[in-house]
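Shown next: my_file.pdb, containing PDB, C-alpha atoms.
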```pdb
ATOM      1  CA  MET A1378     -26.408  39.028  25.540
ATOM      2  CA  THR A1379     -24.215  36.756  23.530
ATOM      3  CA  THR A1380     -24.240  35.830  19.886
ATOM      4  CA  THR A1381     -24.891  32.172  20.673
ATOM      5  CA  GLY A1382     -28.657  32.670  21.027
ATOM      6  CA  PRO A1383     -31.187  30.815  18.913
ATOM      7  CA  ASP A1384     -31.303  33.678  16.391
ATOM      8  CA  THR A1385     -27.667  33.143  15.507
ATOM      9  CA  HIS A1386     -27.634  31.734  12.030
ATOM     10  CA  ARG A1387     -25.093  29.096  11.324
ATOM     11  CA  GLY A1388     -24.092  27.874   7.917
ATOM     12  CA  SER A1389     -23.906  24.142   7.510
ATOM     13  CA  PRO A1390     -20.553  22.948   8.872
ATOM     14  CA  THR A1391     -17.996  21.199   6.738
ATOM     15  CA  CYS A1392     -15.994  18.408   8.290
ATOM     16  CA  LEU A1393     -12.557  17.356   7.067
ATOM     17  CA  PRO A1394     -10.366  14.501   8.291
ATOM     18  CA  ILE A1395      -6.816  15.115   9.561
ATOM     19  CA  ARG A1396      -4.882  11.944   8.872
ATOM     20  CA  SER A1397      -1.848  12.954   6.808
ATOM     21  CA  ASP A1398       0.204  15.936   5.644
ATOM     22  CA  MET A1399      -1.939  15.852   2.498
ATOM     23  CA  ASP A1400      -5.002  16.495   4.680
ATOM     24  CA  LEU A1401      -3.252  19.570   6.099
ATOM     25  CA  MET A1402      -3.242  20.960   2.565
ATOM     26  CA  TRP A1403      -6.961  20.304   2.157
ATOM     27  CA  ILE A1404      -7.588  22.042   5.496
ATOM     28  CA  ARG A1405      -5.610  25.116   4.410
ATOM     29  CA  GLN A1406      -7.463  25.127   1.100
ATOM     30  CA  GLU A1407     -10.905  24.838   2.725
ATOM     31  CA  VAL A1408     -10.203  27.488   5.374
ATOM     32  CA  ARG A1409      -8.866  29.809   2.681
ATOM     33  CA  ARG A1410     -12.060  29.231   0.675
ATOM     34  CA  LEU A1411     -14.304  30.020   3.669
ATOM     35  CA  ALA A1412     -12.282  33.104   4.640
ATOM     36  CA  THR A1413     -12.551  34.381   1.070
ATOM     37  CA  GLU A1414     -16.266  33.608   0.962
ATOM     38  CA  VAL A1415     -16.979  35.753   4.042
ATOM     39  CA  GLN A1416     -14.706  38.451   2.591
ATOM     40  CA  PHE A1417     -11.975  38.501   5.197
ATOM     41  CA  SER A1418      -9.133  40.886   4.398
ATOM     42  CA  LEU A1419      -5.968  39.367   2.959
ATOM     43  CA  VAL A1420      -4.226  39.695   6.345
ATOM     44  CA  GLN A1421      -7.132  38.023   8.153
ATOM     45  CA  GLN A1422      -7.263  35.242   5.582
ATOM     46  CA  THR A1423      -3.549  34.579   5.970
ATOM     47  CA  LYS A1424      -3.745  34.614   9.781
ATOM     48  CA  LEU A1425      -6.689  32.227   9.877
ATOM     49  CA  VAL A1426      -5.200  29.785   7.366
ATOM     50  CA  THR A1427      -1.878  29.851   9.242
ATOM     51  CA  ALA A1428      -3.621  29.233  12.587
ATOM     52  CA  ALA A1429      -5.588  26.370  11.014
ATOM     53  CA  SER A1430      -2.389  24.857   9.661
ATOM     54  CA  GLU A1431      -0.727  25.015  13.108
ATOM     55  CA  LEU A1432      -3.720  23.494  14.881
ATOM     56  CA  ALA A1433      -4.314  20.801  12.277
ATOM     57  CA  ARG A1434      -0.663  19.796  12.523
ATOM     58  CA  ASN A1435      -1.044  19.618  16.309
ATOM     59  CA  THR A1436      -4.052  17.348  15.849
ATOM     60  CA  LEU A1437      -2.043  15.165  13.485
ATOM     61  CA  VAL A1438       1.270  15.028  15.354
ATOM     62  CA  HIS A1439       0.188  15.120  19.001
ATOM     63  CA  GLY A1440      -3.379  13.849  18.804
ATOM     64  CA  GLY A1441      -2.681  11.001  16.391
ATOM     65  CA  GLY A1442      -5.106  12.450  13.839
ATOM     66  CA  GLY A1443      -8.676  13.663  14.079
ATOM     67  CA  HIS A1444     -10.866  16.087  12.188
ATOM     68  CA  MET A1445     -11.699  19.754  11.673
ATOM     69  CA  GLU A1446     -15.163  21.208  11.536
ATOM     70  CA  ALA A1447     -15.574  24.621   9.926
ATOM     71  CA  THR A1448     -18.692  26.765  10.307
ATOM     72  CA  VAL A1449     -19.643  30.272   9.197
ATOM     73  CA  LEU A1450     -21.570  32.133  11.923
ATOM     74  CA  HIS A1451     -23.835  35.143  11.391
ATOM     75  CA  ASP A1452     -25.541  37.070  14.171
ATOM     76  CA  GLY A1453     -27.370  39.384  11.776
ATOM     77  CA  VAL A1454     -24.649  42.030  11.837
ATOM     78  CA  HIS A1455     -21.333  40.249  12.213
ATOM     79  CA  THR A1456     -19.836  37.267  10.459
ATOM     80  CA  ALA A1457     -17.272  34.873  11.867
ATOM     81  CA  VAL A1458     -15.563  31.655  10.901
ATOM     82  CA  ARG A1459     -15.373  29.014  13.607
ATOM     83  CA  LEU A1460     -12.953  26.115  13.378
ATOM     84  CA  VAL A1461     -13.044  23.121  15.711
ATOM     85  CA  PHE A1462     -10.094  20.714  15.814
ATOM     86  CA  ALA A1463     -10.752  17.455  17.616
ATOM     87  CA  ASP A1464      -8.682  14.383  18.314
ATOM     88  CA  CYS A1465      -8.950  11.350  20.578
ATOM     89  CA  GLY A1466      -5.259  11.339  21.434
ATOM     90  CA  PRO A1467      -3.472  11.361  24.775
ATOM     91  CA  GLY A1468      -4.738  14.827  25.711
ATOM     92  CA  ILE A1469      -2.734  17.612  27.320
ATOM     93  CA  ALA A1470      -1.845  17.211  30.993
ATOM     94  CA  ASP A1471      -0.598  20.756  31.567
ATOM     95  CA  VAL A1472      -2.506  23.157  29.330
ATOM     96  CA  ASP A1473      -0.701  26.289  30.563
ATOM     97  CA  GLN A1474       2.641  24.715  29.767
ATOM     98  CA  ALA A1475       1.470  23.556  26.330
ATOM     99  CA  MET A1476       0.250  27.059  25.520
ATOM    100  CA  SER A1477       3.526  28.753  26.404
ATOM    101  CA  ASP A1478       5.915  29.711  23.619
ATOM    102  CA  GLY A1479       8.942  27.505  23.342
ATOM    103  CA  TYR A1480       7.375  24.488  25.008
ATOM    104  CA  THR A1481       7.396  21.467  22.715
ATOM    105  CA  SER A1482       6.823  17.777  23.139
ATOM    106  CA  GLY A1483       7.113  16.900  19.487
ATOM    107  CA  GLY A1484      10.400  18.313  18.261
ATOM    108  CA  GLY A1485       8.834  21.424  16.741
ATOM    109  CA  LEU A1486       9.479  25.042  17.609
ATOM    110  CA  GLY A1487       6.823  25.062  20.300
ATOM    111  CA  LEU A1488       4.950  27.946  18.691
ATOM    112  CA  GLY A1489       1.891  26.046  17.474
ATOM    113  CA  LEU A1490      -0.663  26.579  20.241
ATOM    114  CA  GLY A1491       0.467  29.922  21.629
ATOM    115  CA  GLY A1492       1.097  31.260  18.141
ATOM    116  CA  ALA A1493      -2.271  30.098  16.832
ATOM    117  CA  ARG A1494      -4.014  31.758  19.786
ATOM    118  CA  ARG A1495      -2.429  35.096  18.897
ATOM    119  CA  LEU A1496      -3.589  34.821  15.286
ATOM    120  CA  VAL A1497      -7.325  34.482  16.034
ATOM    121  CA  HIS A1498      -9.883  36.462  18.029
ATOM    122  CA  GLU A1499     -11.173  33.688  20.276
ATOM    123  CA  PHE A1500      -9.495  30.499  21.380
ATOM    124  CA  ARG A1501     -10.707  27.683  23.620
ATOM    125  CA  LEU A1502      -8.867  24.517  24.502
ATOM    126  CA  GLU A1503     -10.535  21.555  26.177
ATOM    127  CA  SER A1504      -8.487  18.537  27.018
ATOM    128  CA  GLN A1505      -8.622  15.559  29.305
ATOM    129  CA  PRO A1506      -5.616  13.297  29.691
ATOM    130  CA  GLY A1507      -6.298  10.039  27.902
ATOM    131  CA  ARG A1508      -9.473  11.321  26.241
ATOM    132  CA  GLY A1509      -8.325  13.738  23.592
ATOM    133  CA  THR A1510      -8.199  17.432  22.870
ATOM    134  CA  THR A1511     -10.666  19.838  21.268
ATOM    135  CA  ILE A1512      -9.546  23.296  20.219
ATOM    136  CA  THR A1513     -12.069  25.857  19.025
ATOM    137  CA  VAL A1514     -11.028  29.110  17.390
ATOM    138  CA  LEU A1515     -13.056  31.961  16.001
ATOM    139  CA  MET A1516     -12.241  34.869  13.768
ATOM    140  CA  TRP A1517     -14.617  37.762  13.241
ATOM    141  CA  HIS A1518     -14.870  39.670  10.014
ATOM    142  CA  GLY A1519     -13.089  42.997  10.484
ATOM    143  CA  GLY A1520     -12.333  42.476  14.174
ATOM    144  CA  VAL A1521     -14.003  41.529  17.414
ATOM    145  CA  PRO A1522     -17.569  42.888  17.794
ATOM    146  CA  PRO A1523     -18.639  44.208  21.218
ATOM    147  CA  THR A1524     -20.680  41.101  22.059
ATOM    148  CA  ARG A1525     -18.208  38.296  22.147
ATOM    149  CA  GLN A1526     -18.118  34.649  23.167
ATOM    150  CA  ALA A1527     -19.741  33.008  20.184
ATOM    151  CA  LEU A1528     -17.657  29.879  20.684
TER     152      LEU A1528
ATOM    153  CA  MET B1443      -0.640   9.487 -11.385
ATOM    154  CA  THR B1444      -4.043  11.056 -12.018
ATOM    155  CA  GLU B1445      -4.261  14.698 -13.003
ATOM    156  CA  GLN B1446      -4.544  17.013 -10.015
ATOM    157  CA  PRO B1447      -6.412  20.302  -9.661
ATOM    158  CA  GLY B1448      -4.262  23.344 -10.397
ATOM    159  CA  TRP B1449      -3.716  24.406  -6.793
ATOM    160  CA  LEU B1450      -2.092  21.155  -5.779
ATOM    161  CA  PRO B1451       1.702  21.300  -5.740
ATOM    162  CA  GLN B1452       3.965  19.568  -8.168
ATOM    163  CA  ALA B1453       5.557  16.337  -6.961
ATOM    164  CA  HIS B1454       8.652  18.174  -5.779
ATOM    165  CA  VAL B1455      10.285  21.572  -6.003
ATOM    166  CA  PRO B1456      12.963  21.800  -8.696
ATOM    167  CA  VAL B1457      16.377  23.208  -7.802
ATOM    168  CA  LEU B1458      17.927  25.246 -10.634
ATOM    169  CA  ARG B1459      21.594  26.167 -10.913
ATOM    170  CA  LEU B1460      22.750  29.541 -12.240
ATOM    171  CA  ASP B1461      26.551  29.736 -12.081
ATOM    172  CA  ASP B1462      27.389  29.547  -8.354
ATOM    173  CA  VAL B1463      23.835  30.082  -7.184
ATOM    174  CA  LEU B1464      21.038  27.579  -6.639
ATOM    175  CA  LEU B1465      17.594  28.984  -7.361
ATOM    176  CA  VAL B1466      14.508  27.453  -5.792
ATOM    177  CA  ALA B1467      11.030  28.805  -6.492
ATOM    178  CA  ILE B1468       8.364  27.409  -4.199
ATOM    179  CA  GLN B1469       5.048  27.445  -6.037
ATOM    180  CA  GLY B1470       1.898  27.616  -3.952
ATOM    181  CA  ASP B1471       1.111  25.328  -1.058
ATOM    182  CA  LEU B1472       3.796  22.830  -0.119
ATOM    183  CA  ARG B1473       3.151  19.450   1.421
ATOM    184  CA  ASP B1474       5.270  18.725   4.538
ATOM    185  CA  GLU B1475       6.888  15.761   2.841
ATOM    186  CA  ASN B1476       7.952  17.900  -0.127
ATOM    187  CA  ALA B1477       9.283  20.643   2.149
ATOM    188  CA  GLU B1478      11.528  18.122   3.872
ATOM    189  CA  ARG B1479      12.615  16.686   0.551
ATOM    190  CA  LEU B1480      13.478  20.189  -0.656
ATOM    191  CA  GLN B1481      15.741  20.630   2.361
ATOM    192  CA  TYR B1482      17.657  17.488   1.415
ATOM    193  CA  ASP B1483      17.731  18.343  -2.303
ATOM    194  CA  VAL B1484      19.200  21.815  -1.749
ATOM    195  CA  LEU B1485      21.960  20.568   0.549
ATOM    196  CA  GLN B1486      22.748  17.685  -1.808
ATOM    197  CA  HIS B1487      23.018  20.131  -4.727
ATOM    198  CA  ILE B1488      25.437  22.294  -2.728
ATOM    199  CA  ALA B1489      27.551  19.268  -1.872
ATOM    200  CA  ASP B1490      27.573  18.060  -5.499
ATOM    201  CA  SER B1491      28.459  21.402  -7.041
ATOM    202  CA  PRO B1492      30.494  24.409  -6.066
ATOM    203  CA  ALA B1493      27.408  26.476  -5.261
ATOM    204  CA  THR B1494      28.113  29.278  -2.824
ATOM    205  CA  GLY B1495      24.670  30.822  -2.704
ATOM    206  CA  VAL B1496      21.033  29.731  -2.487
ATOM    207  CA  VAL B1497      18.018  31.884  -3.350
ATOM    208  CA  ILE B1498      14.612  30.616  -2.252
ATOM    209  CA  ASP B1499      11.777  32.508  -3.923
ATOM    210  CA  ILE B1500       8.610  32.378  -1.800
ATOM    211  CA  SER B1501       6.694  35.135  -3.624
ATOM    212  CA  SER B1502       3.902  32.735  -4.588
ATOM    213  CA  VAL B1503       3.630  31.207  -1.124
ATOM    214  CA  GLU B1504       0.460  32.444   0.573
ATOM    215  CA  VAL B1505       0.998  30.777   3.948
ATOM    216  CA  VAL B1506       4.192  30.123   5.918
ATOM    217  CA  ASP B1507       3.404  28.277   9.132
ATOM    218  CA  SER B1508       5.922  27.329  11.816
ATOM    219  CA  PHE B1509       6.729  24.088   9.996
ATOM    220  CA  LEU B1510       7.657  25.722   6.690
ATOM    221  CA  GLY B1511       9.366  28.560   8.564
ATOM    222  CA  ARG B1512      11.512  26.027  10.381
ATOM    223  CA  VAL B1513      12.350  24.218   7.135
ATOM    224  CA  LEU B1514      13.472  27.507   5.533
ATOM    225  CA  ALA B1515      15.631  28.327   8.566
ATOM    226  CA  GLU B1516      17.115  24.832   8.564
ATOM    227  CA  ILE B1517      17.931  24.979   4.853
ATOM    228  CA  ALA B1518      19.790  28.237   5.525
ATOM    229  CA  ALA B1519      21.614  26.793   8.541
ATOM    230  CA  GLY B1520      22.573  23.621   6.677
ATOM    231  CA  ALA B1521      23.750  25.590   3.641
ATOM    232  CA  GLU B1522      25.866  27.760   5.932
ATOM    233  CA  LEU B1523      27.618  24.622   7.212
ATOM    234  CA  LEU B1524      28.345  23.709   3.594
ATOM    235  CA  ALA B1525      29.837  27.171   3.036
ATOM    236  CA  ALA B1526      26.899  28.558   1.075
ATOM    237  CA  ARG B1527      24.788  31.591   1.857
ATOM    238  CA  THR B1528      20.982  31.524   1.653
ATOM    239  CA  VAL B1529      18.625  34.399   0.876
ATOM    240  CA  VAL B1530      14.836  34.005   1.087
ATOM    241  CA  ALA B1531      13.253  36.278  -1.502
ATOM    242  CA  GLY B1532       9.820  37.773  -2.088
ATOM    243  CA  MET B1533       7.993  37.143   1.169
ATOM    244  CA  ARG B1534       4.481  38.594   0.978
ATOM    245  CA  PRO B1535       3.641  41.354   3.482
ATOM    246  CA  THR B1536       0.682  39.301   4.779
ATOM    247  CA  VAL B1537       3.051  36.410   5.477
ATOM    248  CA  ALA B1538       5.482  38.735   7.303
ATOM    249  CA  ILE B1539       2.660  40.142   9.475
ATOM    250  CA  THR B1540       1.484  36.623  10.312
ATOM    251  CA  LEU B1541       4.959  35.287  11.121
ATOM    252  CA  VAL B1542       5.603  38.135  13.554
ATOM    253  CA  GLU B1543       2.295  37.500  15.325
ATOM    254  CA  LEU B1544       3.037  33.784  15.368
ATOM    255  CA  GLY B1545       6.312  34.590  17.141
ATOM    256  CA  LEU B1546       8.449  33.234  14.325
ATOM    257  CA  THR B1547      10.671  36.163  13.391
ATOM    258  CA  LEU B1548      13.360  33.930  11.841
ATOM    259  CA  THR B1549      16.241  36.092  12.980
ATOM    260  CA  GLY B1550      19.386  35.071  11.171
ATOM    261  CA  LEU B1551      17.540  34.307   7.967
ATOM    262  CA  ARG B1552      18.660  36.631   5.182
ATOM    263  CA  THR B1553      15.812  38.057   3.151
ATOM    264  CA  ALA B1554      15.412  40.163   0.027
ATOM    265  CA  LEU B1555      12.360  41.744  -1.545
ATOM    266  CA  ASP B1556      12.792  39.875  -4.822
ATOM    267  CA  VAL B1557      15.067  37.401  -6.579
ATOM    268  CA  GLN B1558      17.051  40.147  -8.294
ATOM    269  CA  SER B1559      17.939  41.835  -4.998
ATOM    270  CA  ALA B1560      18.749  38.422  -3.522
ATOM    271  CA  LEU B1561      21.222  37.718  -6.328
ATOM    272  CA  ARG B1562      22.730  41.178  -5.853
ATOM    273  CA  MET B1563      23.101  40.494  -2.110
ATOM    274  CA  LEU B1564      24.936  37.251  -2.819
ATOM    275  CA  ARG B1565      27.215  39.008  -5.306
ATOM    276  CA  GLU B1566      28.060  41.768  -2.862
ATOM    277  CA  HIS B1567      28.396  39.516   0.186
ATOM    278  CA  PRO B1568      29.510  36.099  -1.013
ATOM    279  CA  ALA B1569      30.004  33.188   1.345
ATOM    280  CA  PRO B1570      33.556  32.877   2.716
ATOM    281  CA  ALA B1571      34.299  29.981   0.353
ATOM    282  CA  ALA B1572      33.475  32.130  -2.664
ATOM    283  CA  ARG B1573      35.953  34.773  -1.560
ATOM    284  CA  GLU B1574      38.725  32.305  -0.896
ATOM    285  CA  HIS B1575      38.511  30.440  -4.176
ATOM    286  CA  GLY B1576      39.433  32.816  -6.926
ATOM    287  CA  GLU B1577      38.316  30.480  -9.687
ATOM    288  CA  ARG B1578      34.686  31.436  -9.073
ATOM    289  CA  GLY B1579      35.103  34.582 -11.067
ATOM    290  CA  ALA B1580      31.481  35.596 -11.359
ATOM    291  CA  TYR B1581      31.579  37.499  -8.093
ATOM    292  CA  ASP B1582      33.106  40.731  -7.017
ATOM    293  CA  TYR B1583      35.238  39.697  -4.062
ATOM    294  CA  ASP B1584      35.800  43.165  -2.663
ATOM    295  CA  ARG B1585      33.616  43.125   0.369
ATOM    296  CA  SER B1586      33.348  46.492   2.052
TER     297      SER B1586
END
```

Starting from the file, lay out its structure as C-alpha cells.
Amino acid sequence: MTTTGPDTHRGSPTCLPIRSDMDLMWIRQEVRRLATEVQFSLVQQTKLVTAASELARNTLVHGGGGHMEATVLHDGVHTAVRLVFADCGPGIADVDQAMSDGYTSGGGLGLGLGGARRLVHEFRLESQPGRGTTITVLMWHGGVPPTRQAL
Amino acid sequence: MTEQPGWLPQAHVPVLRLDDVLLVAIQGDLRDENAERLQYDVLQHIADSPATGVVIDISSVEVVDSFLGRVLAEIAAGAELLAARTVVAGMRPTVAITLVELGLTLTGLRTALDVQSALRMLREHPAPAAREHGERGAYDYDRS
C-alpha cells in the first residue's frame, strides 16, 4: 500500500515561476509559509526552505529558469509537503555525477543537488538531455511514516 | 520605488564602522544580488579605512543556503587578504544543523555566538596588521 492512492487528499498546488534571484526569495517565502502551515518543526522548516532554495537556484542557473509547484499531501494520518522543480533546460547527462558532492558545472560549490537530497525525506530526479529536468522532493511532518513513496 | 511588504529586504545591507571594526547586520532574507554587493562593499570599506576586523551578524537570518554560505566564506577570505579578520556572529542553531547536513561546514570561518563575543574575539586576536601598527590603540596587542 502506498499513500498515492485515490484516498490521498491533496491540497490545491501553488505554482511559482523561477526566473530571477527575486523569484528565489518568493520561493523561500512560500515554502516557509507552507511548512509553517503544516506545523513542521523549526529544524524541518529550515531544512525544507534551504533545500527549496538550492533546487530553485539549480533550476534558474542550470535549467535556464522554470517553475516550482508546491502541494500539501494528507493521507489521513500523515502530512507532507511536496515540491516539484521543473525546467526545460539542457538536462543532466550524468545524473550520478551531478548528485555527487563537489561536482559543479556552474561555478558553485557543487553541494546543491546532493545537499538538497540529504535535507529532505524523499528525492526524485528525472532528466533527459536536451529536454529538461524535473526534481521532486517530499518532506513528511515529524519524519518518514512507514508507508513511503508518495512522490 | 513602491513600498514593499515587511519581509522583503532593504535595497542593500549597510556597513557600519566602529573604530577598527566593520559591523554588518544581515536582516532577514537576502537577494543574491545584494549578497554579492555586500561582498564588494565590505572589501571596499576595508580598503578605504584602516579596518582590521569585520563582524557579520546573521542572527536574524533564517536560511543560509550554499550560495549565502559561499558569500560569507568569500567575504572572510577576501578580508583576510586585506589584512582584516572576519567573525560571523549569531548563527541560529537551526541554520547550523542545516548547514552540516547540506555538507557546508565552512571550516576556516570564525564564528561567535553573538556580536559582543565576536568583538571580544577580535580584540583578543587581532589581525596581524593591527598588531604591527601601534597607532590602532583600541586593541590589546598581547596575544597569548

Just say which residues the ChimeraX specification (/A :<9) & /B picks in this file, as a list in words.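 For this structure, the ChimeraX specification (/A :<9) & /B resolves to Trp1449, Leu1450, Asp1471, Leu1472, Arg1473, Asp1474, Glu1475, Glu1504, Val1505, Val1506, Asp1507, Ser1508, Phe1509, Arg1512, Pro1535, Thr1536, Val1537, Ile1539, Thr1540, Leu1541, Glu1543, Leu1544, Gly1545 and Leu1546 of chain B.
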
Work out how far atom CA of A:Asn1435 is from atom CA of A:Val1449, in Å to one decimal.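 Interatomic distance here is 22.6 Å.
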
Excluding stretch 1391-1393 of chain A and residues on its chain fewer than 2 positions from it, collect all residues at most 9 Å away from it, counting all atoms listed in the file, and give them as a VMD selection string. chain A and resid 1389 1395 1400 1403 to 1404 1407 1443 to 1448

With the PyMOL selection byres ((chain B and resi 1556) around 9) as the selection, what would be picked from this file? Answer as a ChimeraX atom specification, please. /B:1499,1501,1530-1533,1553-1555,1557-1561

Which residues are close to B:Asp1490, i.e. within 12 Å by only C-alpha atoms, leaving aside same-chain residues fewer than 3 positions away? Reply as JSON, numbers by chain. {"B": [1459, 1462, 1464, 1483, 1484, 1485, 1486, 1487, 1493, 1494, 1524]}

Could you check how far atom CA of A:Leu1437 sits from atom CA of A:Val1497, in Å to one decimal?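 Going from atom CA of A:Leu1437 over to atom CA of A:Val1497, I get 20.2 Å.
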
Using only C-alpha atoms, pick whichever of B:Leu1510, B:Val1542, B:Gly1520, B:Pro1568 has the shortest atom-to-atom distance to B:Glu1478. B:Leu1510

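In this model, the gap between atom CA of A:Ile1512 and atom CA of A:Leu1432 comes to 7.9 Å.
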
Taking all atoms listed in the file into account, which of A:Gly1468, A:Gly1519, A:Pro1394, A:Gly1388 comes nearest A:Asp1452?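 Closest to A:Asp1452, using all atoms listed in the file: A:Gly1388.
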
May I have the residues within 10 Å of A:Val1415 as number ranges by chain, using all atoms listed in the file and disregarding those fewer than 6 positions away in the same chain? A: 1422, 1449-1450, 1456-1458, 1517-1518

Listed atoms of stretch 1460-1464 of chain B, axis-aligned box, 4 Å per side: centre and edge lengths to one decimal in Å, as JSON?
```
{"center_x": 24.2, "center_y": 28.8, "center_z": -9.4, "size_x": 14.4, "size_y": 10.5, "size_z": 13.6}
```

Residues in the PyMOL selection byres ((chain B and resi 1527) around 8), expressed as number ranges by chain: B: 1494-1496, 1518, 1521-1522, 1525-1526, 1528-1529, 1564, 1568-1569

Written file, previous selection with C-alpha atoms, as a PDB file, in the frame of the given file:
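Written output follows (selection-v2.pdb):
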```pdb
ATOM      1  CA  THR B1494      28.113  29.278  -2.824  1.00  0.00           C
ATOM      2  CA  GLY B1495      24.670  30.822  -2.704  1.00  0.00           C
ATOM      3  CA  VAL B1496      21.033  29.731  -2.487  1.00  0.00           C
ATOM      4  CA  ALA B1518      19.790  28.237   5.525  1.00  0.00           C
ATOM      5  CA  ALA B1521      23.750  25.590   3.641  1.00  0.00           C
ATOM      6  CA  GLU B1522      25.866  27.760   5.932  1.00  0.00           C
ATOM      7  CA  ALA B1525      29.837  27.171   3.036  1.00  0.00           C
ATOM      8  CA  ALA B1526      26.899  28.558   1.075  1.00  0.00           C
ATOM      9  CA  THR B1528      20.982  31.524   1.653  1.00  0.00           C
ATOM     10  CA  VAL B1529      18.625  34.399   0.876  1.00  0.00           C
ATOM     11  CA  LEU B1564      24.936  37.251  -2.819  1.00  0.00           C
ATOM     12  CA  PRO B1568      29.510  36.099  -1.013  1.00  0.00           C
ATOM     13  CA  ALA B1569      30.004  33.188   1.345  1.00  0.00           C
TER      14      ALA B1569
END
```

Looking at A:Val1408, A:Val1461, A:Phe1417, A:Ser1477, which one is nearest to A:Glu1499, with distances taken over all atoms listed in the file? A:Val1461
